[in-house]
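Below is start-v2.csv, which holds CSV, C-alpha atoms.
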```
chain,number,residue,atom,x,y,z
A,1,MET,CA,14.5,-14.7,7.8
A,2,GLU,CA,12.4,-13.7,10.8
A,3,LYS,CA,10.7,-16.5,12.6
A,4,LEU,CA,7.2,-15.1,12.1
A,5,GLU,CA,7.8,-14.9,8.3
A,6,MET,CA,8.8,-18.5,8.3
A,7,VAL,CA,5.6,-19.5,10.0
A,8,ARG,CA,3.6,-17.5,7.4
A,9,ILE,CA,5.4,-19.3,4.6
A,10,LYS,CA,4.6,-22.7,6.0
A,11,TRP,CA,0.9,-21.7,6.3
A,12,ALA,CA,0.9,-20.3,2.8
A,13,VAL,CA,2.3,-23.6,1.5
A,14,LEU,CA,-0.3,-25.6,3.4
A,15,LEU,CA,-3.1,-23.4,2.1
A,16,ALA,CA,-1.8,-23.8,-1.5
A,17,VAL,CA,-2.0,-27.6,-1.1
A,18,ILE,CA,-5.5,-27.4,0.2
A,19,THR,CA,-6.6,-25.2,-2.7
A,20,LEU,CA,-5.2,-27.7,-5.2
A,21,VAL,CA,-7.2,-30.5,-3.5
A,22,VAL,CA,-10.6,-28.8,-3.0
A,23,GLY,CA,-10.5,-26.3,-5.9
A,24,ASN,CA,-10.2,-22.5,-6.1
A,25,PRO,CA,-13.3,-20.9,-4.6
A,26,VAL,CA,-13.0,-18.0,-6.9
A,27,SER,CA,-13.1,-20.1,-10.1
A,28,GLY,CA,-16.2,-21.7,-11.6
A,29,GLN,CA,-19.3,-21.1,-9.5
A,30,ASP,CA,-18.5,-18.1,-7.3
A,31,PRO,CA,-19.8,-18.6,-3.7
A,32,THR,CA,-21.8,-15.9,-2.0
A,33,LEU,CA,-19.8,-14.0,0.7
A,34,ARG,CA,-21.7,-12.3,3.4
A,35,SER,CA,-21.0,-9.0,5.2
A,36,ALA,CA,-22.9,-6.8,7.6
A,37,PHE,CA,-24.5,-4.8,4.7
A,38,TYR,CA,-24.1,-6.8,1.5
A,39,ASP,CA,-24.0,-10.3,0.0
A,40,PHE,CA,-21.2,-10.2,-2.6
A,41,ARG,CA,-19.1,-12.5,-4.7
A,42,LEU,CA,-15.5,-12.5,-5.9
A,43,THR,CA,-15.0,-12.8,-9.6
A,44,THR,CA,-11.7,-13.2,-11.4
A,45,VAL,CA,-10.6,-10.3,-13.5
A,46,ALA,CA,-7.3,-11.7,-14.8
A,47,GLU,CA,-5.0,-14.6,-13.9
A,48,GLY,CA,-1.3,-15.4,-14.5
A,49,LEU,CA,0.3,-12.5,-12.7
A,50,VAL,CA,3.3,-13.1,-10.5
A,51,SER,CA,3.3,-11.2,-7.2
A,52,PRO,CA,1.0,-8.3,-8.2
A,53,TRP,CA,1.8,-5.3,-6.0
A,54,SER,CA,-0.4,-2.4,-7.2
A,55,MET,CA,-3.1,-1.4,-9.7
A,56,ALA,CA,-4.0,1.8,-11.6
A,57,PHE,CA,-7.0,2.3,-13.8
A,58,LEU,CA,-6.6,4.0,-17.2
A,59,PRO,CA,-9.4,6.2,-18.5
A,60,SER,CA,-10.3,3.4,-20.9
A,61,GLY,CA,-11.0,1.1,-18.0
A,62,ASP,CA,-7.9,-1.0,-18.7
A,63,ILE,CA,-5.7,-1.8,-15.7
A,64,LEU,CA,-2.0,-1.2,-15.2
A,65,VAL,CA,-0.5,-3.8,-12.7
A,66,THR,CA,2.9,-3.9,-11.2
A,67,GLU,CA,4.6,-7.2,-10.6
A,68,LYS,CA,7.1,-7.3,-7.7
A,69,PRO,CA,9.8,-9.0,-9.9
A,70,GLY,CA,10.0,-5.8,-11.9
A,71,ARG,CA,7.3,-6.0,-14.7
A,72,LEU,CA,4.5,-3.5,-15.5
A,73,ARG,CA,1.6,-5.4,-17.0
A,74,LEU,CA,-1.6,-4.4,-18.8
A,75,ILE,CA,-5.1,-5.9,-18.5
A,76,GLU,CA,-6.7,-4.8,-21.7
A,77,ASN,CA,-10.4,-5.4,-22.5
A,78,GLY,CA,-10.4,-7.9,-19.6
A,79,GLU,CA,-7.3,-9.9,-20.8
A,80,LEU,CA,-3.8,-9.9,-19.4
A,81,LEU,CA,-1.5,-9.1,-22.3
A,82,PRO,CA,1.4,-11.6,-22.6
A,83,ASN,CA,4.2,-9.0,-22.9
A,84,PRO,CA,5.2,-6.5,-20.2
A,85,ILE,CA,5.3,-2.8,-20.9
A,86,THR,CA,8.7,-1.7,-21.9
A,87,GLY,CA,10.8,1.1,-20.4
A,88,VAL,CA,10.5,0.2,-16.8
A,89,PRO,CA,13.7,0.9,-14.8
A,90,GLU,CA,15.9,-1.8,-13.4
A,91,VAL,CA,14.7,-3.0,-9.9
A,92,VAL,CA,16.3,-5.0,-7.1
A,93,ALA,CA,13.8,-7.9,-7.0
A,94,GLN,CA,15.2,-9.6,-3.9
A,95,GLY,CA,13.7,-10.1,-0.5
A,96,GLN,CA,11.2,-7.3,0.0
A,97,GLY,CA,12.5,-5.3,-2.9
A,98,GLY,CA,10.9,-5.0,-6.3
A,99,LEU,CA,8.5,-2.9,-8.4
A,100,PHE,CA,6.0,-1.3,-6.0
A,101,ASP,CA,3.3,1.3,-6.6
A,102,VAL,CA,1.9,2.7,-9.9
A,103,VAL,CA,-0.3,5.8,-10.0
A,104,LEU,CA,-1.5,8.1,-12.8
A,105,HIS,CA,-0.8,11.8,-12.9
A,106,PRO,CA,-3.9,13.8,-12.0
A,107,ASP,CA,-3.8,15.3,-15.6
A,108,TYR,CA,-3.1,11.9,-17.2
A,109,GLU,CA,-5.6,12.3,-20.0
A,110,ASN,CA,-3.5,15.3,-21.3
A,111,ASN,CA,0.0,14.2,-20.5
A,112,GLN,CA,-0.1,10.4,-20.2
A,113,MET,CA,2.3,10.5,-17.3
A,114,ILE,CA,2.5,7.6,-14.8
A,115,TYR,CA,4.6,7.2,-11.7
A,116,LEU,CA,6.4,4.1,-10.4
A,117,ALA,CA,8.0,3.4,-7.0
A,118,PHE,CA,10.6,0.7,-6.8
A,119,SER,CA,13.8,-0.6,-5.1
A,120,LYS,CA,16.7,1.0,-7.0
A,121,PRO,CA,20.1,-0.7,-7.1
A,122,LYS,CA,22.9,1.2,-5.4
A,123,SER,CA,26.7,0.6,-5.0
A,124,GLY,CA,26.9,-1.8,-7.9
A,125,GLY,CA,23.8,-3.7,-6.9
A,126,THR,CA,25.0,-4.6,-3.4
A,127,GLN,CA,22.6,-2.0,-1.8
A,128,SER,CA,19.3,-0.6,-2.8
A,129,THR,CA,16.9,2.2,-1.9
A,130,THR,CA,13.4,3.4,-2.6
A,131,ALA,CA,13.1,5.6,-5.7
A,132,VAL,CA,10.3,7.1,-7.8
A,133,VAL,CA,10.3,7.7,-11.6
A,134,ARG,CA,7.7,9.2,-14.0
A,135,GLY,CA,7.4,8.6,-17.7
A,136,ARG,CA,5.0,8.9,-20.6
A,137,TYR,CA,2.9,5.8,-21.2
A,138,GLU,CA,1.8,5.2,-24.8
A,139,ASN,CA,1.6,2.2,-27.2
A,140,TYR,CA,2.6,-0.3,-24.5
A,141,GLN,CA,5.8,1.5,-23.5
A,142,LEU,CA,7.2,4.1,-21.2
A,143,SER,CA,9.3,6.9,-22.6
A,144,ASN,CA,11.0,10.1,-21.3
A,145,VAL,CA,11.5,8.3,-18.0
A,146,GLU,CA,13.0,10.5,-15.3
A,147,GLU,CA,13.7,10.0,-11.6
A,148,ILE,CA,11.9,12.5,-9.3
A,149,PHE,CA,13.0,11.0,-5.9
A,150,GLU,CA,15.6,8.8,-4.4
A,151,ALA,CA,15.6,8.0,-0.7
A,152,VAL,CA,18.6,8.6,1.4
A,153,SER,CA,18.4,5.2,3.2
A,154,MET,CA,20.2,1.9,3.5
A,155,GLY,CA,19.1,-1.5,4.8
A,156,ARG,CA,17.7,-4.9,3.8
A,157,GLY,CA,13.9,-4.4,3.6
A,158,HIS,CA,11.0,-2.1,4.6
A,159,TYR,CA,11.0,0.0,1.5
A,160,GLY,CA,7.5,1.6,1.8
A,161,GLY,CA,6.9,2.4,-1.8
A,162,ARG,CA,3.3,3.8,-1.8
A,163,LEU,CA,2.3,6.8,-3.9
A,164,ALA,CA,-0.7,9.2,-3.9
A,165,PHE,CA,-1.6,12.6,-5.4
A,166,ASP,CA,-3.7,15.1,-3.5
A,167,SER,CA,-6.2,17.5,-5.0
A,168,GLN,CA,-3.6,20.2,-5.4
A,169,GLY,CA,-1.3,17.9,-7.4
A,170,TYR,CA,1.3,17.2,-4.8
A,171,ILE,CA,2.6,13.6,-4.7
A,172,TYR,CA,3.2,11.8,-1.5
A,173,ILE,CA,5.7,8.9,-1.1
A,174,THR,CA,6.1,6.5,1.7
A,175,THR,CA,9.5,5.0,2.7
A,176,GLY,CA,10.2,2.3,5.3
A,177,ASP,CA,12.8,2.3,8.1
A,178,ARG,CA,14.8,-0.3,6.1
A,179,GLN,CA,14.9,-2.6,9.2
A,180,ALA,CA,17.7,-0.4,10.6
A,181,PRO,CA,18.7,-1.2,14.2
A,182,PRO,CA,18.8,1.6,16.8
A,183,ASN,CA,22.0,3.5,17.1
A,184,GLY,CA,22.0,3.3,20.9
A,185,ASP,CA,18.9,4.8,22.5
A,186,LEU,CA,15.5,4.4,20.7
A,187,GLU,CA,15.4,8.2,20.2
A,188,THR,CA,18.5,8.0,17.9
A,189,HIS,CA,17.0,5.4,15.6
A,190,PRO,CA,17.3,6.4,11.9
A,191,ALA,CA,13.4,6.8,11.8
A,192,GLN,CA,13.8,9.6,14.4
A,193,ASP,CA,16.6,11.2,12.4
A,194,LEU,CA,15.5,13.9,9.9
A,195,THR,CA,18.8,13.8,8.0
A,196,ASN,CA,17.7,10.6,6.1
A,197,HIS,CA,14.5,9.1,4.7
A,198,HIS,CA,14.1,6.1,7.0
A,199,GLY,CA,10.5,5.7,7.8
A,200,VAL,CA,9.0,9.0,6.4
A,201,VAL,CA,6.2,10.3,4.2
A,202,VAL,CA,7.6,12.6,1.5
A,203,ARG,CA,5.7,15.4,-0.2
A,204,LEU,CA,6.8,16.8,-3.6
A,205,HIS,CA,5.7,18.7,-6.6
A,206,ASP,CA,4.8,16.3,-9.5
A,207,ASP,CA,8.3,16.9,-11.0
A,208,GLY,CA,10.2,16.2,-7.8
A,209,ARG,CA,10.7,19.8,-6.6
A,210,VAL,CA,10.2,20.5,-2.9
A,211,PRO,CA,7.2,22.6,-2.0
A,212,ASP,CA,8.0,25.8,-0.2
A,213,ASP,CA,5.5,25.1,2.6
A,214,ASN,CA,6.8,21.7,3.6
A,215,PRO,CA,7.3,21.6,7.4
A,216,PHE,CA,11.1,21.3,7.5
A,217,VAL,CA,12.0,23.7,4.6
A,218,GLY,CA,14.9,25.9,5.6
A,219,GLN,CA,15.6,24.1,8.9
A,220,SER,CA,19.2,23.0,9.3
A,221,GLY,CA,19.8,19.2,9.6
A,222,LYS,CA,16.3,18.3,8.3
A,223,LEU,CA,15.6,17.1,4.8
A,224,PRO,CA,13.0,19.5,3.3
A,225,GLU,CA,11.0,16.9,1.4
A,226,ILE,CA,9.9,15.1,4.6
A,227,TRP,CA,6.2,15.6,5.5
A,228,SER,CA,6.0,13.3,8.5
A,229,TYR,CA,8.4,10.8,10.2
A,230,GLY,CA,8.7,8.1,12.8
A,231,HIS,CA,7.1,5.4,10.6
A,232,ARG,CA,8.1,1.8,10.4
A,233,ASN,CA,7.0,0.5,7.0
A,234,PRO,CA,4.0,2.3,5.5
A,235,GLN,CA,2.4,-0.1,3.1
A,236,GLY,CA,-0.9,1.7,2.4
A,237,LEU,CA,-1.5,5.3,1.5
A,238,ALA,CA,-4.8,7.0,0.6
A,239,ILE,CA,-6.1,10.5,0.5
A,240,ASP,CA,-9.8,11.1,1.3
A,241,GLU,CA,-11.3,12.9,-1.7
A,242,THR,CA,-13.9,14.6,0.5
A,243,THR,CA,-11.8,15.9,3.3
A,244,GLY,CA,-8.3,15.8,2.0
A,245,ASP,CA,-7.2,13.8,5.0
A,246,ILE,CA,-4.1,11.7,4.4
A,247,TRP,CA,-4.2,8.1,5.8
A,248,VAL,CA,-1.3,5.7,6.0
A,249,ASN,CA,-1.2,2.1,7.4
A,250,GLU,CA,2.0,0.6,8.4
A,251,HIS,CA,3.5,-2.8,9.5
A,252,GLY,CA,4.2,-3.1,13.1
A,253,PRO,CA,6.6,-5.7,14.4
A,254,GLN,CA,5.0,-8.8,16.0
A,255,GLY,CA,1.7,-7.1,16.8
A,256,GLY,CA,1.0,-3.4,16.5
A,257,ASP,CA,0.1,-2.7,12.8
A,258,GLU,CA,-1.2,0.9,12.7
A,259,LEU,CA,-3.5,3.2,10.8
A,260,ASN,CA,-2.4,6.8,11.1
A,261,LEU,CA,-3.9,10.2,10.0
A,262,ILE,CA,-0.9,12.1,8.6
A,263,ALA,CA,-0.2,15.7,9.3
A,264,PRO,CA,2.8,17.9,8.4
A,265,GLY,CA,5.9,17.8,10.7
A,266,LEU,CA,4.5,15.2,13.1
A,267,ASN,CA,6.4,12.3,14.7
A,268,TYR,CA,4.6,8.9,14.6
A,269,GLY,CA,6.8,7.3,17.2
A,270,TRP,CA,8.7,4.3,15.7
A,271,PRO,CA,10.5,2.7,17.5
A,272,VAL,CA,10.0,4.8,20.7
A,273,VAL,CA,6.3,4.0,21.1
A,274,GLY,CA,4.0,1.3,19.7
A,275,TYR,CA,2.1,-1.8,20.5
A,276,GLY,CA,4.3,-4.5,19.1
A,277,VAL,CA,7.0,-6.8,20.5
A,278,ASN,CA,10.1,-8.5,19.2
A,279,TYR,CA,9.6,-11.4,16.9
A,280,GLY,CA,9.9,-14.8,18.5
A,281,THR,CA,10.9,-13.7,22.0
A,282,GLY,CA,7.9,-11.5,22.6
A,283,LEU,CA,10.2,-9.1,24.5
A,284,ALA,CA,9.4,-5.4,24.6
A,285,ILE,CA,10.7,-3.1,21.9
A,286,HIS,CA,9.2,0.3,22.9
A,287,LYS,CA,9.5,2.6,25.9
A,288,GLY,CA,5.7,2.6,26.0
A,289,ILE,CA,2.5,2.9,23.9
A,290,GLN,CA,2.2,6.7,24.1
A,291,ASP,CA,4.3,9.8,24.3
A,292,SER,CA,3.1,13.4,24.5
A,293,ASP,CA,5.4,14.4,21.7
A,294,MET,CA,4.4,11.6,19.3
A,295,GLN,CA,1.2,10.7,17.5
A,296,SER,CA,-0.8,7.7,18.6
A,297,PRO,CA,-2.5,5.7,15.8
A,298,ASN,CA,-6.1,6.1,15.0
A,299,HIS,CA,-6.4,2.4,14.9
A,300,PHE,CA,-4.1,-0.6,15.5
A,301,TRP,CA,-4.2,-4.4,15.1
A,302,VAL,CA,-2.9,-6.8,17.7
A,303,PRO,CA,-2.2,-9.4,16.5
A,304,SER,CA,-0.9,-8.0,13.2
A,305,ILE,CA,-2.7,-8.6,9.9
A,306,ALA,CA,0.4,-7.3,8.0
A,307,THR,CA,-1.4,-4.3,6.5
A,308,SER,CA,-1.0,-3.6,2.8
A,309,GLY,CA,-3.1,-1.6,0.3
A,310,LEU,CA,-5.4,1.1,1.6
A,311,MET,CA,-8.5,2.6,-0.1
A,312,ILE,CA,-11.3,4.9,0.9
A,313,TYR,CA,-14.5,3.9,-0.9
A,314,THR,CA,-16.5,6.5,-2.8
A,315,GLY,CA,-18.4,4.4,-5.4
A,316,ASP,CA,-22.1,3.6,-6.0
A,317,GLN,CA,-22.0,-0.2,-6.2
A,318,PHE,CA,-21.9,-0.5,-2.3
A,319,PRO,CA,-23.6,2.7,-1.2
A,320,ASP,CA,-23.5,2.0,2.5
A,321,TRP,CA,-19.8,1.5,2.3
A,322,LYS,CA,-19.2,5.1,1.1
A,323,GLY,CA,-16.5,6.8,3.2
A,324,ASN,CA,-15.3,3.4,4.6
A,325,VAL,CA,-11.6,2.6,4.8
A,326,PHE,CA,-10.5,-0.8,3.2
A,327,VAL,CA,-7.2,-2.3,4.3
A,328,GLY,CA,-5.6,-5.4,2.8
A,329,GLY,CA,-3.9,-8.0,5.0
A,330,LEU,CA,-0.9,-10.2,4.0
A,331,GLY,CA,-0.4,-12.3,7.0
A,332,GLY,CA,-4.1,-12.4,7.8
A,333,GLN,CA,-5.1,-13.0,4.1
A,334,GLN,CA,-8.0,-10.7,4.7
A,335,LEU,CA,-9.7,-7.5,3.7
A,336,ALA,CA,-10.8,-5.3,6.6
A,337,ARG,CA,-13.5,-2.7,6.3
A,338,LEU,CA,-13.2,0.2,8.8
A,339,THR,CA,-16.1,2.6,9.5
A,340,LEU,CA,-14.9,6.2,9.7
A,341,GLN,CA,-16.7,8.8,11.7
A,342,GLY,CA,-15.0,12.1,11.2
A,343,GLN,CA,-11.4,11.1,11.9
A,344,ARG,CA,-12.3,8.3,14.3
A,345,ILE,CA,-12.5,4.6,13.5
A,346,VAL,CA,-15.7,3.4,15.1
A,347,GLY,CA,-16.1,-0.1,13.7
A,348,GLU,CA,-14.3,-2.9,11.9
A,349,GLU,CA,-15.4,-5.9,9.9
A,350,THR,CA,-13.3,-8.5,8.1
A,351,ILE,CA,-15.2,-9.1,4.8
A,352,ILE,CA,-12.8,-11.5,3.1
A,353,LYS,CA,-10.7,-14.3,4.7
A,354,GLN,CA,-8.2,-16.8,3.4
A,355,GLN,CA,-8.3,-15.8,-0.3
A,356,GLY,CA,-4.5,-15.2,-0.4
A,357,ARG,CA,-2.2,-12.4,0.7
A,358,ILE,CA,-4.1,-9.3,-0.3
A,359,ARG,CA,-1.4,-6.8,-1.5
A,360,ASP,CA,-3.5,-4.0,-2.9
A,361,VAL,CA,-7.1,-2.8,-2.9
A,362,ARG,CA,-8.5,-0.3,-5.3
A,363,GLN,CA,-11.8,1.1,-6.4
A,364,GLY,CA,-12.6,0.6,-10.1
A,365,PRO,CA,-14.2,3.3,-12.3
A,366,GLU,CA,-17.5,1.5,-12.2
A,367,GLY,CA,-17.5,1.4,-8.4
A,368,TYR,CA,-16.5,-2.3,-7.9
A,369,ILE,CA,-13.7,-3.1,-5.5
A,370,TYR,CA,-10.6,-4.8,-6.9
A,371,ILE,CA,-8.0,-6.7,-4.9
A,372,ALA,CA,-4.5,-7.9,-6.0
A,373,VAL,CA,-3.7,-11.3,-4.5
A,374,GLU,CA,-0.1,-12.2,-4.0
A,375,ALA,CA,1.1,-15.8,-3.8
A,376,ARG,CA,4.5,-17.0,-2.6
A,377,ALA,CA,7.2,-18.8,-4.4
A,378,GLY,CA,6.4,-17.0,-7.7
A,379,ALA,CA,3.1,-18.8,-8.2
A,380,PRO,CA,0.7,-17.1,-10.7
A,381,THR,CA,-2.1,-15.3,-9.0
A,382,PRO,CA,-5.1,-13.2,-9.9
A,383,ILE,CA,-6.8,-9.8,-9.7
A,384,LEU,CA,-10.2,-10.3,-8.1
A,385,ARG,CA,-13.3,-8.1,-8.1
A,386,LEU,CA,-16.0,-7.7,-5.4
A,387,GLU,CA,-19.5,-7.5,-6.9
A,388,PRO,CA,-22.8,-7.1,-5.0
A,389,MET,CA,-25.0,-10.1,-5.6
A,390,SER,CA,-28.2,-8.2,-6.2
A,391,GLY,CA,-27.5,-4.5,-5.7
A,392,GLU,CA,-29.6,-4.7,-2.6
A,393,GLU,CA,-28.1,-4.2,0.9
A,394,ARG,CA,-28.7,-6.6,3.7
A,395,PRO,CA,-31.0,-5.5,6.6
A,396,HIS,CA,-29.1,-3.4,9.1
```
Translate the structure of the given file into C-alpha cells.
Amino acid sequence: MEKLEMVRIKWAVLLAVITLVVGNPVSGQDPTLRSAFYDFRLTTVAEGLVSPWSMAFLPSGDILVTEKPGRLRLIENGELLPNPITGVPEVVAQGQGGLFDVVLHPDYENNQMIYLAFSKPKSGGTQSTTAVVRGRYENYQLSNVEEIFEAVSMGRGHYGGRLAFDSQGYIYITTGDRQAPPNGDLETHPAQDLTNHHGVVVRLHDDGRVPDDNPFVGQSGKLPEIWSYGHRNPQGLAIDETTGDIWVNEHGPQGGDELNLIAPGLNYGWPVVGYGVNYGTGLAIHKGIQDSDMQSPNHFWVPSIATSGLMIYTGDQFPDWKGNVFVGGLGGQQLARLTLQGQRIVGEETIIKQQGRIRDVRQGPEGYIYIAVEARAGAPTPILRLEPMSGEERPH
C-alpha cells in the first residue's frame, strides 16, 4: 500500500477514537457551521451504511445508495431498509474495487431504468475492470440487467466509475489509469494510448451504442467510444444543466488533484504533465506542468484533498450558491465550494472539515445538499444533509 495511504489510515483511526470519546458532532444537538454566505447544520439522513459510494434520488424522494462492498441500498421514507436490492451484478470488492456510481435514466419515470458502475471480475476473478450495467428497478429488485460497457483495461486500482447523462441522453463514463506504469517514455503510458480505456471519459448512447459524432469514430487504432483521454483517476463527474459543460475532477498523485472542463478529443496530460510528485520520495513524475498539446486543469489542489464526488448546485435552499461547484474530499475529509465565473474558478471555500471521508455530494429534490461519508475498516457510516439554519444568508 502506498505510504500516503498508510498515513491517511492512521489519521482515520485516530479520528475515530476521538469521535468515540467526545461524541459524534452530527448526532444529538447539531452544531451551527459557518460559511461565507450561510450558517448551516448537518443532519443525519440515515445511518448504518458501509462505505457508501454514490446516491441517486428517485421521483418519490427515496434515495438509492451504493455500498462499495457490492450492495445497492434504499433509504425509504427516511429509513434505511435492512435488505439490499437484489439483482446487482457480482463485483470485485477488493482494494479500490467495488460498486461505484448509480444514476437514473433521464426518462426513469417511464422506463424505471437505473445504471450502475462497478469493478467487474475478469480471468476467473484474478483481474478486474470497470463495467457499467443497466436494469429495470421495481419492487426492491433489478431485472433485465444488461451490460452496456466494459473497459479494456488491466491493473490494481484507479477504476474511475462515475456516470452522468447529458441533456441529449448520452451517458458519460469515467475510467482510471489502473495505476499502470509507463511503458518506457511517459508519452507511451497506457493513459496516452487510445487503443485501451486507461484514464478516459467515454460517451455512449443509453444502450451502449457508440454515437457517430464521437471524436475518434472511424480512426484506425483509436477506440470510438473515447470522448477524452490522458486522465489519472476521475472520481467526480457533473454536467452543468445551464451550459451543458462537462466537469471532471481527478486524483493526482502526491499533490496535483485536478478539476477539468472536458471537451471531445482532448488530451488532459497524465502522466506527461501535472502538478504532483511521487509518493514518499517527492521526486518528479512529469516532464512539466504544461504542454501546448495538452489541456491544463481549470483548478488544482496542492496538497491533494483526494477529490471524490462532484456537484453543480442549482437549488433554492442556498440561493447564493447557485452555479457553484461542490467537491468532496477523502484525504482532506472536507467539502469544497468553488465559485464559477463562466468557465473559470474564481474562488474556493472549504465549508466542511473533519466530518469523515466525503465520497459523494448530491443535490436533493428539495434543494438540500447531501453527502455520503465513508469510514474505513467497514465501520457503519451515515448519509448527511446540509440545511440552512434560518433560510437567511450571512452578510456578504
(message) Need to verify the contact set: Tyr137 in chain A, 10 Å, all atoms listed in the file, exclusion of same-chain residues closer than 4 positions in sequence. Can you return it as an MDAnalysis selection string?
(response) chainID A and resid 85:87 104 108 111:115 141:145
(request) Kindly give the distance, in Å, that separates CA of Leu58 in chain A and CA of Gln96 in chain A, rounded to a single decimal. (result)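 Pair CA of Leu58 in chain A / CA of Gln96 in chain A returns 27.2 Å.
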(message) Just to confirm, what's the straight-line distance from CA of Ile226 in chain A to CA of Pro264 in chain A in Å (one decimal)?
(response) 8.5 Å
(request) Identify, on the basis of all atoms listed in the file, every residue whose closest approach to Leu72 in chain A does not exceed 10 Å; exclude the query and any residue fewer than 3 positions from it along the same chain; express the result as a count of residues only. (result) 22
(message) Using all atoms listed in the file, can you tell me which of A:Arg359, A:Leu42, A:Val200, A:Pro297 comes closest to Asn249 in chain A?
(response) A:Pro297
(request) Between CA of Arg344 in chain A and CA of Pro303 in chain A, measure the distance and give it in Å to one decimal. (result)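 Going from CA of Arg344 in chain A over to CA of Pro303 in chain A, I get 20.5 Å.
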(request) Might you pull out every residue within 6 Å of His205 in chain A, with all atoms listed in the file counted and same-chain residues fewer than 3 positions away left off, and present them as a VMD selection string? (result) chain A and resid 170 208 to 209
Residues as selected, C-alpha atoms, written as a PDB file, in the frame of the given file, can you do that?
```pdb
ATOM      1  CA  TYR A 170       1.300  17.200  -4.800  1.00  0.00           C
ATOM      2  CA  GLY A 208      10.200  16.200  -7.800  1.00  0.00           C
ATOM      3  CA  ARG A 209      10.700  19.800  -6.600  1.00  0.00           C
TER       4      ARG A 209
END
```
(request) Around the point (10.8, 0.2, 5.8), in the coordinates given by the file, pick out the residues reaching within 10 Å, counting all atoms listed in the file, and return them as a ChimeraX atom specification. (result) /A:96,130,153-161,174-180,191,197-200,231-235,250-251
(message) Considering all atoms listed in the file, can you say which of A:Asn110, A:Asn324, A:Gln168, A:Gln343 comes closest to Gln363 in chain A?
(response)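 The closest residue to Gln363 in chain A is A:Asn324.
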(message) Taking all atoms listed in the file into account, name the residue in A:His105, A:Leu74, A:His299, A:Val373 that is nearest to Gly169 in chain A.
(response)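 Comparing A:His105, A:Leu74, A:His299, A:Val373 against Gly169 in chain A, the winner is A:His105.
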(message) What's around Pro271 in chain A at 8 Å? Count all atoms listed in the file, leave out sequence neighbours fewer than 4 positions away in its own chain, and write the answer as an MDAnalysis selection string.
(response) chainID A and resid 186:187 189 191 230 232 285:286
(request) For Leu384 in chain A, work out the shell of residues within 9 Å, counting all atoms listed in the file and skipping chain neighbours fewer than 2 positions away, then give it as JSON, numbers by chain. (result) {"A": [26, 42, 43, 44, 45, 46, 47, 369, 370, 371, 372, 373, 382, 386]}
(message) For a quick check of understanding, using all atoms listed in the file, which of A:Ala375, A:Asn298, A:Gln94, A:Tyr313 has the smallest distance to Gln333 in chain A?
(response)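 Among the listed residues, the smallest separation from Gln333 in chain A belongs to A:Ala375.
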(message) So, with only C-alpha atoms as the atoms that count, which of A:Asp207, A:Asp166, A:Glu258, A:Glu76 lies closest to Glu241 in chain A?
(response)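 Among the listed residues, A:Asp166 lies closest to Glu241 in chain A.
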(message) From the options A:Thr195, A:Ala151, A:Ser304, A:Asp293, which residue's atoms come nearest to Tyr279 in chain A, counting all atoms listed in the file?
(response)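 Of A:Thr195, A:Ala151, A:Ser304, A:Asp293, the one nearest Tyr279 in chain A is A:Ser304, counting all atoms listed in the file.
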